[in-house]
file final_27.csv (CSV, C-alpha atoms)
chain,number,residue,atom,x,y,z
G,1,MET,CA,-12.4,8.8,-19.5
G,2,LYS,CA,-10.5,10.8,-16.8
G,3,ALA,CA,-8.6,9.2,-14.0
G,4,TYR,CA,-11.0,10.4,-11.3
G,5,GLU,CA,-14.0,8.9,-13.1
G,6,ARG,CA,-12.3,5.5,-13.0
G,7,LEU,CA,-11.5,6.0,-9.3
G,8,LEU,CA,-15.2,6.8,-8.5
G,9,LYS,CA,-16.2,3.6,-10.3
G,10,TYR,CA,-13.6,1.4,-8.7
G,11,ALA,CA,-14.1,2.8,-5.2
G,12,THR,CA,-17.6,1.3,-5.1
G,13,ILE,CA,-16.3,-2.3,-5.6
G,14,HIS,CA,-15.5,-4.0,-2.3
G,15,THR,CA,-12.0,-5.4,-2.5
G,16,THR,CA,-10.7,-5.5,1.1
G,17,SER,CA,-8.1,-8.3,1.6
G,18,ASP,CA,-8.0,-10.6,4.6
G,19,ASP,CA,-4.9,-12.1,6.2
G,20,THR,CA,-6.8,-14.9,8.0
G,21,THR,CA,-8.2,-16.9,5.0
G,22,GLY,CA,-5.0,-18.6,3.8
G,23,THR,CA,-6.3,-18.4,0.2
G,24,HIS,CA,-4.8,-16.7,-2.9
G,25,PRO,CA,-6.3,-14.2,-3.5
G,26,SER,CA,-7.2,-13.8,0.2
G,27,THR,CA,-10.8,-12.7,-0.7
G,28,MET,CA,-12.7,-13.6,-3.8
G,29,ARG,CA,-14.3,-10.2,-4.0
G,30,GLN,CA,-11.0,-8.8,-5.3
G,31,LEU,CA,-11.8,-10.8,-8.5
G,32,ASP,CA,-14.9,-8.6,-9.0
G,33,LEU,CA,-12.5,-5.7,-9.7
G,34,ALA,CA,-10.1,-7.9,-11.6
G,35,LYS,CA,-12.7,-8.9,-14.1
G,36,GLN,CA,-13.8,-5.3,-14.7
G,37,LEU,CA,-10.2,-4.3,-15.3
G,38,VAL,CA,-9.7,-7.0,-17.8
G,39,GLU,CA,-12.7,-5.7,-19.8
G,40,GLU,CA,-11.4,-2.1,-19.7
G,41,MET,CA,-7.9,-3.1,-20.7
G,42,ARG,CA,-9.2,-4.9,-23.7
G,43,GLU,CA,-11.5,-2.0,-24.7
G,44,ILE,CA,-8.6,0.5,-24.7
G,45,GLY,CA,-6.5,-1.7,-26.9
G,46,MET,CA,-4.3,-3.7,-24.6
G,47,ARG,CA,-3.2,-7.2,-25.5
G,48,GLU,CA,-2.5,-10.5,-23.7
G,49,VAL,CA,-4.9,-9.5,-21.0
G,50,ARG,CA,-5.5,-12.2,-18.4
G,51,ILE,CA,-6.2,-13.1,-14.8
G,52,SER,CA,-3.8,-15.6,-13.2
G,53,THR,CA,-4.8,-18.5,-11.0
G,54,TYR,CA,-3.8,-16.3,-8.0
G,55,GLY,CA,-5.9,-13.3,-9.1
G,56,TYR,CA,-3.2,-11.1,-10.7
G,57,VAL,CA,-4.2,-9.1,-13.7
G,58,TYR,CA,-1.7,-8.8,-16.5
G,59,GLY,CA,-1.7,-7.0,-19.9
G,60,CYS,CA,0.5,-5.2,-22.4
G,61,LEU,CA,0.5,-2.5,-25.0
G,62,PRO,CA,2.8,-3.7,-27.9
G,63,ALA,CA,5.5,-1.3,-29.0
G,64,THR,CA,4.9,1.2,-31.7
G,65,PRO,CA,6.5,-0.1,-35.0
G,66,GLY,CA,10.1,1.0,-35.0
G,67,TYR,CA,10.3,1.1,-31.1
G,68,GLU,CA,10.5,-2.6,-30.5
G,69,SER,CA,14.0,-2.4,-29.1
G,70,SER,CA,13.0,0.3,-26.5
G,71,PRO,CA,13.2,-0.8,-22.8
G,72,ARG,CA,10.1,-2.6,-21.7
G,73,ILE,CA,8.6,-0.5,-18.9
G,74,GLY,CA,6.1,-1.9,-16.4
G,75,PHE,CA,3.5,-0.2,-14.2
G,76,VAL,CA,2.1,-2.0,-11.1
G,77,ALA,CA,-0.7,-1.1,-8.7
G,78,HIS,CA,-2.8,-3.2,-6.2
G,79,MET,CA,-6.5,-3.9,-6.2
G,80,ASP,CA,-7.1,-4.6,-2.6
G,81,THR,CA,-7.9,-2.1,0.2
G,82,SER,CA,-6.9,-2.1,3.8
G,83,PRO,CA,-8.7,-4.6,6.1
G,84,ASP,CA,-8.2,-2.2,9.0
G,85,VAL,CA,-11.1,0.1,7.9
G,86,CYS,CA,-14.4,-0.7,6.3
G,87,GLY,CA,-14.1,-0.9,2.5
G,88,ALA,CA,-17.7,-1.9,1.7
G,89,SER,CA,-20.5,0.4,0.4
G,90,VAL,CA,-18.0,3.2,-0.3
G,91,LYS,CA,-19.8,6.5,-1.2
G,92,PRO,CA,-17.3,9.1,-2.4
G,93,GLN,CA,-18.0,12.9,-2.0
G,94,LEU,CA,-17.0,15.2,-4.9
G,95,ILE,CA,-16.4,18.8,-3.8
G,96,ASN,CA,-15.9,21.2,-6.7
G,97,ASP,CA,-13.8,24.3,-6.3
G,98,TYR,CA,-12.8,23.5,-2.7
G,99,ASP,CA,-12.6,26.6,-0.6
G,100,GLY,CA,-10.0,25.5,2.0
G,101,GLN,CA,-12.6,25.2,4.8
G,102,PRO,CA,-13.5,22.2,7.0
G,103,VAL,CA,-15.4,19.5,5.1
G,104,VAL,CA,-18.3,17.7,6.7
G,105,LEU,CA,-18.3,13.9,5.9
G,106,GLN,CA,-22.0,13.4,5.3
G,107,GLY,CA,-22.2,9.8,6.5
G,108,THR,CA,-21.0,10.5,10.0
G,109,GLY,CA,-20.7,14.2,10.6
G,110,GLN,CA,-17.0,13.9,11.1
G,111,ILE,CA,-14.9,16.9,9.9
G,112,LEU,CA,-12.0,16.8,7.5
G,113,ASN,CA,-10.3,19.8,9.0
G,114,PRO,CA,-7.3,21.9,7.8
G,115,ASP,CA,-6.2,22.2,11.4
G,116,GLN,CA,-5.6,18.5,11.4
G,117,PHE,CA,-4.6,18.2,7.7
G,118,PRO,CA,-2.8,21.6,6.9
G,119,HIS,CA,-2.1,20.6,3.3
G,120,LEU,CA,-5.8,21.2,2.6
G,121,LEU,CA,-5.1,24.9,2.4
G,122,ASP,CA,-2.9,24.2,-0.6
G,123,MET,CA,-5.8,22.4,-2.3
G,124,LYS,CA,-8.0,25.5,-2.6
G,125,GLY,CA,-9.7,25.7,-6.0
G,126,LYS,CA,-9.2,22.0,-6.7
G,127,THR,CA,-11.9,19.4,-7.0
G,128,LEU,CA,-11.7,17.3,-3.9
G,129,ILE,CA,-12.8,13.7,-3.5
G,130,THR,CA,-13.4,12.4,0.0
G,131,THR,CA,-15.3,9.6,1.8
G,132,ASP,CA,-18.6,10.1,3.5
G,133,GLY,CA,-16.9,9.2,6.8
G,134,ARG,CA,-18.1,5.6,7.1
G,135,THR,CA,-15.4,3.9,5.1
G,136,LEU,CA,-12.1,4.4,3.5
G,137,LEU,CA,-12.0,5.8,-0.1
G,138,GLY,CA,-9.8,3.2,-1.7
G,139,ALA,CA,-7.5,5.6,-3.5
G,140,ASP,CA,-4.8,3.4,-2.0
G,141,ASP,CA,-4.5,2.0,-4.5
G,142,LYS,CA,-7.4,2.3,-6.9
G,143,ALA,CA,-6.1,5.8,-7.8
G,144,GLY,CA,-2.9,4.1,-9.0
G,145,ILE,CA,-5.0,1.7,-11.2
G,146,ALA,CA,-7.1,4.6,-12.6
G,147,GLU,CA,-4.0,6.7,-13.5
G,148,ILE,CA,-2.2,3.8,-15.2
G,149,LEU,CA,-5.2,2.8,-17.4
G,150,THR,CA,-6.1,6.5,-18.2
G,151,ALA,CA,-2.5,7.0,-19.3
G,152,ILE,CA,-2.6,3.9,-21.5
G,153,GLU,CA,-5.8,5.1,-23.0
G,154,GLN,CA,-4.4,8.5,-23.8
G,155,ILE,CA,-1.2,7.0,-25.3
G,156,VAL,CA,-3.3,4.9,-27.6
G,157,ARG,CA,-5.7,7.7,-28.5
G,158,LYS,CA,-3.0,10.3,-29.1
G,159,GLN,CA,-0.7,7.7,-30.9
G,160,ILE,CA,2.2,8.6,-28.7
G,161,PRO,CA,5.2,6.5,-29.7
G,162,HIS,CA,6.3,4.0,-27.1
G,163,GLY,CA,8.2,0.8,-26.4
G,164,LYS,CA,6.3,-2.2,-25.0
G,165,ILE,CA,4.4,-1.3,-21.9
G,166,LEU,CA,3.5,-3.9,-19.3
G,167,VAL,CA,0.8,-3.5,-16.7
G,168,ALA,CA,0.0,-5.6,-13.6
G,169,PHE,CA,-2.6,-5.3,-10.9
G,170,THR,CA,-2.0,-7.3,-7.8
G,171,PRO,CA,-4.2,-8.7,-5.0
G,172,ASP,CA,-3.4,-8.7,-1.3
G,173,GLU,CA,-0.7,-6.0,-1.1
G,174,GLU,CA,-2.3,-4.6,2.0
G,175,ILE,CA,-1.6,-7.8,3.9
G,176,GLY,CA,2.0,-8.1,2.6
G,177,GLN,CA,1.3,-10.8,0.0
G,178,GLY,CA,1.0,-8.8,-3.2
G,179,ALA,CA,4.2,-9.9,-4.8
G,180,ASP,CA,4.2,-13.5,-3.4
G,181,ASN,CA,2.7,-15.1,-6.6
G,182,PHE,CA,3.7,-12.4,-9.1
G,183,ASP,CA,4.9,-13.9,-12.4
G,184,ILE,CA,7.9,-11.8,-13.2
G,185,ASP,CA,9.0,-13.8,-16.2
G,186,GLY,CA,5.5,-13.8,-17.7
G,187,PHE,CA,5.2,-10.1,-17.0
G,188,GLY,CA,8.2,-9.5,-19.2
G,189,ALA,CA,9.2,-6.0,-18.1
G,190,ASP,CA,12.9,-4.9,-17.8
G,191,PHE,CA,11.9,-2.7,-14.8
G,192,ALA,CA,8.8,-1.2,-13.4
G,193,TYR,CA,7.2,1.5,-11.2
G,194,THR,CA,4.6,0.9,-8.6
G,195,LEU,CA,2.0,3.6,-8.2
G,196,ASP,CA,0.9,3.1,-4.7
G,197,GLY,CA,-0.3,5.7,-2.3
G,198,GLY,CA,1.5,9.0,-1.4
G,199,VAL,CA,1.2,12.5,-2.6
G,200,ALA,CA,1.9,13.6,-6.1
G,201,GLY,CA,5.7,13.9,-6.5
G,202,GLU,CA,6.7,11.2,-4.0
G,203,LEU,CA,9.5,9.2,-5.3
G,204,GLU,CA,10.4,6.4,-3.0
G,205,PHE,CA,13.2,3.8,-3.3
G,206,GLU,CA,13.9,3.3,0.4
G,207,ASN,CA,11.3,1.4,2.4
G,208,PHE,CA,11.0,-0.3,5.7
G,209,ASN,CA,12.3,-3.8,6.3
G,210,ALA,CA,9.2,-5.4,7.7
G,211,ALA,CA,8.3,-8.3,10.0
G,212,GLU,CA,5.1,-9.4,11.7
G,213,ALA,CA,5.1,-10.9,15.2
G,214,LYS,CA,2.2,-13.0,16.5
G,215,ILE,CA,2.1,-13.3,20.2
G,216,HIS,CA,0.0,-15.9,22.1
G,217,ILE,CA,-0.4,-15.6,25.8
G,218,LYS,CA,-1.9,-18.6,27.8
G,219,GLY,CA,-3.6,-17.8,31.1
G,220,VAL,CA,-5.4,-19.8,33.8
G,221,ALA,CA,-9.0,-18.8,34.1
G,222,VAL,CA,-11.0,-19.7,37.3
G,223,HIS,CA,-13.9,-18.2,39.1
G,224,PRO,CA,-12.7,-14.8,40.5
G,225,GLY,CA,-14.0,-15.7,43.9
G,226,THR,CA,-11.5,-18.5,44.3
G,227,ALA,CA,-8.7,-17.0,42.1
G,228,LYS,CA,-6.1,-16.2,44.7
G,229,ASN,CA,-2.7,-17.8,43.8
G,230,VAL,CA,-4.5,-19.7,40.9
G,231,MET,CA,-5.6,-17.3,38.3
G,232,VAL,CA,-3.2,-16.1,35.6
G,233,ASN,CA,-5.0,-13.3,33.7
G,234,ALA,CA,-3.8,-13.4,30.1
G,235,LEU,CA,-5.2,-9.9,29.5
G,236,LEU,CA,-3.0,-8.4,32.3
G,237,LEU,CA,0.0,-10.2,31.0
G,238,ALA,CA,-0.7,-8.7,27.5
G,239,PHE,CA,-0.7,-5.3,29.1
G,240,SER,CA,2.6,-6.1,30.8
G,241,PHE,CA,4.1,-7.4,27.6
G,242,ASN,CA,3.3,-4.2,25.7
G,243,GLN,CA,4.6,-2.1,28.6
G,244,MET,CA,8.0,-3.8,28.2
G,245,THR,CA,8.3,-2.6,24.6
G,246,PRO,CA,9.9,0.8,24.0
G,247,LEU,CA,6.8,3.0,24.3
G,248,ALA,CA,8.4,6.0,22.5
G,249,GLU,CA,9.0,3.7,19.4
G,250,THR,CA,5.5,3.5,18.1
G,251,PRO,CA,4.1,4.9,14.8
G,252,GLU,CA,2.6,8.0,16.5
G,253,HIS,CA,6.0,9.0,18.0
G,254,THR,CA,8.3,8.3,15.0
G,255,GLU,CA,9.2,9.8,11.6
G,256,ASN,CA,11.6,9.6,8.7
G,257,TYR,CA,14.1,6.8,9.3
G,258,GLU,CA,12.9,6.0,12.8
G,259,GLY,CA,11.5,2.4,13.1
G,260,TYR,CA,8.7,1.2,15.4
G,261,TYR,CA,6.7,-1.4,17.2
G,262,TYR,CA,3.1,-1.3,16.1
G,263,LEU,CA,0.5,-3.2,18.2
G,264,ARG,CA,-2.1,-3.6,15.4
G,265,LYS,CA,-4.3,-6.2,17.0
G,266,LEU,CA,-5.2,-7.5,20.4
G,267,GLU,CA,-8.0,-9.8,21.3
G,268,GLY,CA,-8.8,-12.4,23.9
G,269,THR,CA,-10.0,-13.3,27.4
G,270,PRO,CA,-8.4,-13.9,30.8
G,271,GLU,CA,-7.7,-17.4,29.5
G,272,SER,CA,-6.1,-16.7,26.2
G,273,VAL,CA,-4.8,-13.6,24.3
G,274,SER,CA,-3.5,-13.0,20.8
G,275,MET,CA,-1.5,-10.0,19.8
G,276,ILE,CA,0.0,-8.9,16.5
G,277,TYR,CA,2.8,-6.5,16.2
G,278,ALA,CA,4.1,-4.9,13.0
G,279,LEU,CA,7.9,-4.4,13.3
G,280,ARG,CA,9.5,-1.8,11.0
G,281,ASP,CA,12.9,-0.4,10.4
G,282,HIS,CA,14.9,0.9,7.4
G,283,ASP,CA,18.0,-0.7,8.9
G,284,ALA,CA,18.0,-4.6,8.8
G,285,GLY,CA,20.2,-4.8,11.8
G,286,ARG,CA,17.8,-2.7,13.9
G,287,LEU,CA,14.8,-4.7,12.7
G,288,GLN,CA,16.6,-7.8,14.0
G,289,LEU,CA,17.0,-6.1,17.4
G,290,ARG,CA,13.3,-5.4,17.5
G,291,LYS,CA,12.6,-9.1,16.9
G,292,GLU,CA,15.0,-10.0,19.7
G,293,THR,CA,13.4,-7.5,22.1
G,294,LEU,CA,10.0,-9.3,21.7
G,295,LEU,CA,11.6,-12.7,22.2
G,296,HIS,CA,13.3,-11.4,25.4
G,297,ILE,CA,10.1,-10.0,26.7
G,298,ALA,CA,8.4,-13.4,26.2
G,299,LYS,CA,11.4,-15.1,28.0
G,300,THR,CA,11.1,-12.7,30.9
G,301,ILE,CA,7.4,-13.3,31.4
G,302,ASN,CA,7.8,-17.0,31.1
G,303,GLU,CA,10.5,-17.0,33.8
G,304,GLN,CA,8.2,-15.0,36.1
G,305,VAL,CA,5.0,-17.1,35.4
G,306,ALA,CA,5.5,-20.4,33.8
G,307,ALA,CA,7.3,-21.9,30.7
G,308,ASP,CA,5.4,-21.5,27.5
G,309,THR,CA,3.0,-18.9,28.9
G,310,VAL,CA,4.0,-16.6,26.1
G,311,THR,CA,4.9,-17.8,22.6
G,312,VAL,CA,6.2,-15.7,19.8
G,313,GLU,CA,6.0,-16.4,16.0
G,314,ILE,CA,7.9,-13.9,13.8
G,315,LYS,CA,7.6,-13.8,10.0
G,316,ASP,CA,9.6,-11.6,7.7
G,317,GLN,CA,7.5,-9.7,5.2
G,318,TYR,CA,9.6,-7.5,2.9
G,319,ARG,CA,13.0,-5.8,2.7
G,320,ASN,CA,14.4,-2.3,2.0
G,321,MET,CA,14.7,-2.1,-1.8
G,322,SER,CA,17.3,0.8,-1.8
G,323,GLU,CA,20.4,-1.4,-2.5
G,324,ILE,CA,18.7,-2.8,-5.6
G,325,ILE,CA,17.3,0.5,-7.0
G,326,CYS,CA,20.6,2.3,-6.5
G,327,GLU,CA,22.0,0.1,-9.1
G,328,HIS,CA,19.5,1.5,-11.6
G,329,ASP,CA,19.8,5.2,-11.3
G,330,HIS,CA,17.9,5.9,-14.5
G,331,LEU,CA,14.7,4.9,-12.7
G,332,LEU,CA,15.1,7.7,-10.3
G,333,GLN,CA,16.4,10.3,-12.8
G,334,ASN,CA,13.7,9.7,-15.4
G,335,ALA,CA,11.0,9.7,-12.7
G,336,LYS,CA,12.2,13.2,-11.6
G,337,THR,CA,12.2,14.4,-15.2
G,338,ALA,CA,8.8,13.0,-15.9
G,339,MET,CA,7.4,14.7,-12.7
G,340,GLU,CA,8.9,18.1,-13.6
G,341,ARG,CA,7.5,17.9,-17.2
G,342,SER,CA,4.1,17.2,-15.6
G,343,GLY,CA,4.2,20.2,-13.2
G,344,ILE,CA,5.1,18.1,-10.2
G,345,THR,CA,7.8,18.9,-7.7
G,346,PRO,CA,9.8,15.6,-7.0
G,347,ILE,CA,9.8,14.6,-3.3
G,348,VAL,CA,12.5,12.0,-2.6
G,349,GLN,CA,12.0,10.6,0.8
G,350,PRO,CA,12.1,7.2,2.7
G,351,MET,CA,8.9,5.3,2.6
G,352,ARG,CA,7.4,4.6,6.0
G,353,GLY,CA,5.8,1.4,4.7
G,354,GLY,CA,6.2,-0.9,1.8
G,355,THR,CA,4.9,-1.7,-1.6
G,356,ASP,CA,4.9,-4.7,-3.9
G,357,GLY,CA,7.9,-3.1,-5.5
G,358,ALA,CA,10.1,-3.9,-2.5
G,359,THR,CA,9.7,-7.6,-2.9
G,360,LEU,CA,9.7,-7.4,-6.7
G,361,SER,CA,13.0,-5.6,-6.7
G,362,TYR,CA,14.6,-8.5,-4.8
G,363,LYS,CA,13.0,-11.0,-7.1
G,364,GLY,CA,14.7,-9.4,-10.1
G,365,LEU,CA,12.3,-6.6,-11.2
G,366,PRO,CA,13.7,-3.2,-10.0
G,367,CYS,CA,10.6,-1.2,-9.0
G,368,PRO,CA,10.6,2.1,-7.1
G,369,ASN,CA,7.4,3.7,-6.0
G,370,LEU,CA,5.6,6.8,-7.3
G,371,GLY,CA,2.9,8.7,-5.4
G,372,VAL,CA,-0.7,8.8,-6.8
G,373,GLY,CA,-1.8,12.1,-5.3
G,374,GLY,CA,-3.7,11.1,-2.2
G,375,PHE,CA,-3.7,11.7,1.5
G,376,ALA,CA,-4.8,10.1,4.8
G,377,PHE,CA,-4.9,6.6,3.5
G,378,HIS,CA,-6.3,3.7,5.6
G,379,SER,CA,-8.8,6.1,7.2
G,380,PRO,CA,-12.3,7.6,6.8
G,381,PHE,CA,-10.4,10.9,6.2
G,382,GLU,CA,-8.8,9.7,3.0
G,383,HIS,CA,-8.9,12.2,0.2
G,384,ILE,CA,-7.5,13.1,-3.2
G,385,SER,CA,-8.0,15.7,-5.9
G,386,VAL,CA,-9.0,15.4,-9.5
G,387,GLU,CA,-6.2,17.7,-10.6
G,388,ASP,CA,-3.5,15.8,-8.8
G,389,MET,CA,-4.7,12.6,-10.4
G,390,ASP,CA,-4.5,14.3,-13.8
G,391,ARG,CA,-0.9,15.3,-13.1
G,392,CYS,CA,0.1,11.8,-12.0
G,393,THR,CA,-1.5,10.4,-15.2
G,394,GLN,CA,0.6,12.8,-17.3
G,395,MET,CA,3.7,11.7,-15.3
G,396,ILE,CA,3.1,8.1,-16.5
G,397,ILE,CA,2.8,9.3,-20.1
G,398,GLU,CA,6.1,11.3,-19.7
G,399,LEU,CA,7.9,8.3,-18.4
G,400,VAL,CA,6.8,6.3,-21.4
G,401,ARG,CA,8.1,9.1,-23.7
G,402,LEU,CA,11.4,9.1,-21.9
G,403,TYR,CA,12.0,5.4,-22.4
G,404,ALA,CA,10.7,5.4,-26.0
G,405,VAL,CA,13.8,4.9,-28.2
G,406,GLN,CA,13.4,4.7,-32.0
G,407,THR,CA,15.4,2.1,-33.7
call {"tool": "encode", "arguments": {"input": "final_27.csv", "output": "structure tokens"}}
result
Amino acid sequence: MKAYERLLKYATIHTTSDDTTGTHPSTMRQLDLAKQLVEEMREIGMREVRISTYGYVYGCLPATPGYESSPRIGFVAHMDTSPDVCGASVKPQLINDYDGQPVVLQGTGQILNPDQFPHLLDMKGKTLITTDGRTLLGADDKAGIAEILTAIEQIVRKQIPHGKILVAFTPDEEIGQGADNFDIDGFGADFAYTLDGGVAGELEFENFNAAEAKIHIKGVAVHPGTAKNVMVNALLLAFSFNQMTPLAETPEHTENYEGYYYLRKLEGTPESVSMIYALRDHDAGRLQLRKETLLHIAKTINEQVAADTVTVEIKDQYRNMSEIICEHDHLLQNAKTAMERSGITPIVQPMRGGTDGATLSYKGLPCPNLGVGGFAFHSPFEHISVEDMDRCTQMIIELVRLYAVQT
């Protein structure tokens, strides 16, 4: 089976995570994919395949005889899809021999346009996979899962010599909990690579430091006809709160190493409002300043209105893994070599996001990230090509070859 065929199959399984449930995994529907993956892993010859209490899928491919002393390499991808866009009833579109022209997403009539996504012009002649416009595609990160299992299947079928290969598929990465209950000791790898989002060739070992800030604003709601000097409109205070943040430091105005404040959720009434900000910065000190900025804004409003009008709860999510990965240069050098052998040009750049690998690196499993070949993740415009998935699959195989040492 080819990697894209697996993606088309996985994409139809609803696996959106949910950060409000408090359960692990956060949604039981992720286990639908987990159970299917367990069956496939066993079918292609993997051993010790299991689902943990928390919904993690683990398995291994034992070393080829004579290669037992080779480094134990791991590959990690996540099963959940973003809760910010509909992930149910996904209907992928397959466009053979793409001509570089605008693509109509049949479910909504929206246009996937090269004017908005210029890289589409470089995808002429490829087989393009898109959504129908009503949902995301789920290539983040089901493409990663598909490429890992397709590579394992080819390694087994072609009898490519290898050391022990460990595989893990995690739940809840999209809500920042993918590594929370990861069994590193039970996994058993010396190091690993996440395959999570990004174009083919992306090699990322610098990611954001991340925190989430939950803001609650308490208002006083009365009849508007008798509101003078009594009403405190929490909705208007929420607007004021956001206006006090640096408005040029939002995702749509930043790039490269520039951090941001991202207001990702706002809901409420004049009586009560809840806001959620994602805070991001590659520099830990600057992230701390962003936290302090929100706390100062809350203090300012409370001084103007009343004590405890605004409360702020801040939770750290993950850290920049660069200082860990830089101690293991072979991970970067071998990834570049594997890409080049697969016809991929390495693109080393800071990640404007995070992966399970960031947390895993700090827990003792060095784990840079590799792109899976996709574009426009977390949106109805998400797309990927068959050919790029094939090249990423080959990249995994080449990594296995590079770490296979006969003893």
call {"tool": "atom_distance", "arguments": {"input": "final_27.csv", "atom1": "CA of Ile324 (chain G)", "atom2": "CA of Ala151 (chain G)"}}
result
27.1 Å
call {"tool": "residues_around", "arguments": {"input": "final_27.csv", "residues": "region 231-239 of chain G", "least_positions_apart": "5", "cutoff": "12 Å", "atoms": "only C-alpha atoms", "output": "PyMOL selection string"}}
result
chain G and resi 215-226+244-245+263+265-276+297-298+300-302+304-306+309-311
call {"tool": "residues_around", "arguments": {"input": "final_27.csv", "residues": "Arg264 (chain G)", "least_positions_apart": "5", "cutoff": "12 Å", "atoms": "all atoms listed in the file", "output": "PyMOL selection string"}}
result
chain G and resi 83-84+212-215+242+250-251+274-279
call {"tool": "closest_residue", "arguments": {"input": "final_27.csv", "among": "G:Lys299, G:Arg401, G:Lys164, G:Arg341", "to": "Tyr67 (chain G)", "atoms": "all atoms listed in the file"}}
result
G:Lys164
call {"tool": "closest_residue", "arguments": {"input": "final_27.csv", "among": "G:Lys315, G:Arg42, G:Lys9, G:Lys35", "to": "Lys142 (chain G)", "atoms": "all atoms listed in the file"}}
result
G:Lys9
call {"tool": "residues_around", "arguments": {"input": "final_27.csv", "residues": "Ile175 (chain G)", "least_positions_apart": "3", "cutoff": "12 Å", "atoms": "only C-alpha atoms", "output": "PyMOL selection string"}}
result
chain G and resi 16-22+24-27+78-84+170-172+178-180+210-212+278+317-318+353-356
call {"tool": "atom_distance", "arguments": {"input": "final_27.csv", "atom1": "CA of Leu294 (chain G)", "atom2": "CA of Gly176 (chain G)"}}
result
20.7 Å
call {"tool": "build_atoms", "arguments": {"input": "final_27.csv", "residues": "region 360-376 of chain G", "atoms": "N, CA and C atoms", "output": "PDB file, in the coordinates of the input"}}
result
ATOM      1  N   LEU G 360       9.371  -7.230  -5.291  1.00  0.00           N
ATOM      2  CA  LEU G 360       9.700  -7.400  -6.700  1.00  0.00           C
ATOM      3  C   LEU G 360      11.094  -7.082  -7.047  1.00  0.00           C
ATOM      4  N   SER G 361      11.614  -6.037  -6.425  1.00  0.00           N
ATOM      5  CA  SER G 361      13.000  -5.600  -6.700  1.00  0.00           C
ATOM      6  C   SER G 361      13.962  -6.746  -6.326  1.00  0.00           C
ATOM      7  N   TYR G 362      13.717  -7.407  -5.196  1.00  0.00           N
ATOM      8  CA  TYR G 362      14.600  -8.500  -4.800  1.00  0.00           C
ATOM      9  C   TYR G 362      14.374  -9.769  -5.582  1.00  0.00           C
ATOM     10  N   LYS G 363      13.246  -9.841  -6.277  1.00  0.00           N
ATOM     11  CA  LYS G 363      13.000 -11.000  -7.100  1.00  0.00           C
ATOM     12  C   LYS G 363      13.499 -10.785  -8.554  1.00  0.00           C
ATOM     13  N   GLY G 364      14.082  -9.605  -8.814  1.00  0.00           N
ATOM     14  CA  GLY G 364      14.700  -9.400 -10.100  1.00  0.00           C
ATOM     15  C   GLY G 364      14.000  -8.336 -10.982  1.00  0.00           C
ATOM     16  N   LEU G 365      12.979  -7.638 -10.436  1.00  0.00           N
ATOM     17  CA  LEU G 365      12.300  -6.600 -11.200  1.00  0.00           C
ATOM     18  C   LEU G 365      12.458  -5.272 -10.430  1.00  0.00           C
ATOM     19  N   PRO G 366      13.496  -4.470 -10.744  1.00  0.00           N
ATOM     20  CA  PRO G 366      13.700  -3.200 -10.000  1.00  0.00           C
ATOM     21  C   PRO G 366      12.434  -2.337 -10.145  1.00  0.00           C
ATOM     22  N   CYS G 367      11.989  -1.795  -8.995  1.00  0.00           N
ATOM     23  CA  CYS G 367      10.600  -1.200  -9.000  1.00  0.00           C
ATOM     24  C   CYS G 367      10.444  -0.189  -7.900  1.00  0.00           C
ATOM     25  N   PRO G 368      10.906   1.065  -8.113  1.00  0.00           N
ATOM     26  CA  PRO G 368      10.600   2.100  -7.100  1.00  0.00           C
ATOM     27  C   PRO G 368       9.159   2.513  -7.144  1.00  0.00           C
ATOM     28  N   ASN G 369       8.778   3.338  -6.177  1.00  0.00           N
ATOM     29  CA  ASN G 369       7.400   3.700  -6.000  1.00  0.00           C
ATOM     30  C   ASN G 369       7.148   5.189  -6.334  1.00  0.00           C
ATOM     31  N   LEU G 370       6.012   5.482  -6.968  1.00  0.00           N
ATOM     32  CA  LEU G 370       5.600   6.800  -7.300  1.00  0.00           C
ATOM     33  C   LEU G 370       4.264   7.138  -6.598  1.00  0.00           C
ATOM     34  N   GLY G 371       4.121   8.349  -6.062  1.00  0.00           N
ATOM     35  CA  GLY G 371       2.900   8.700  -5.400  1.00  0.00           C
ATOM     36  C   GLY G 371       1.746   8.914  -6.413  1.00  0.00           C
ATOM     37  N   VAL G 372       0.520   8.735  -5.932  1.00  0.00           N
ATOM     38  CA  VAL G 372      -0.700   8.800  -6.800  1.00  0.00           C
ATOM     39  C   VAL G 372      -1.478  10.097  -6.528  1.00  0.00           C
ATOM     40  N   GLY G 373      -1.089  10.873  -5.492  1.00  0.00           N
ATOM     41  CA  GLY G 373      -1.800  12.100  -5.300  1.00  0.00           C
ATOM     42  C   GLY G 373      -2.707  12.174  -4.069  1.00  0.00           C
ATOM     43  N   GLY G 374      -2.734  11.133  -3.250  1.00  0.00           N
ATOM     44  CA  GLY G 374      -3.700  11.100  -2.200  1.00  0.00           C
ATOM     45  C   GLY G 374      -3.150  11.330  -0.805  1.00  0.00           C
ATOM     46  N   PHE G 375      -4.071  11.418   0.168  1.00  0.00           N
ATOM     47  CA  PHE G 375      -3.700  11.700   1.500  1.00  0.00           C
ATOM     48  C   PHE G 375      -4.568  10.905   2.510  1.00  0.00           C
ATOM     49  N   ALA G 376      -4.050  10.718   3.724  1.00  0.00           N
ATOM     50  CA  ALA G 376      -4.800  10.100   4.800  1.00  0.00           C
ATOM     51  C   ALA G 376      -5.317   8.713   4.498  1.00  0.00           C
TER      52      ALA G 376
END
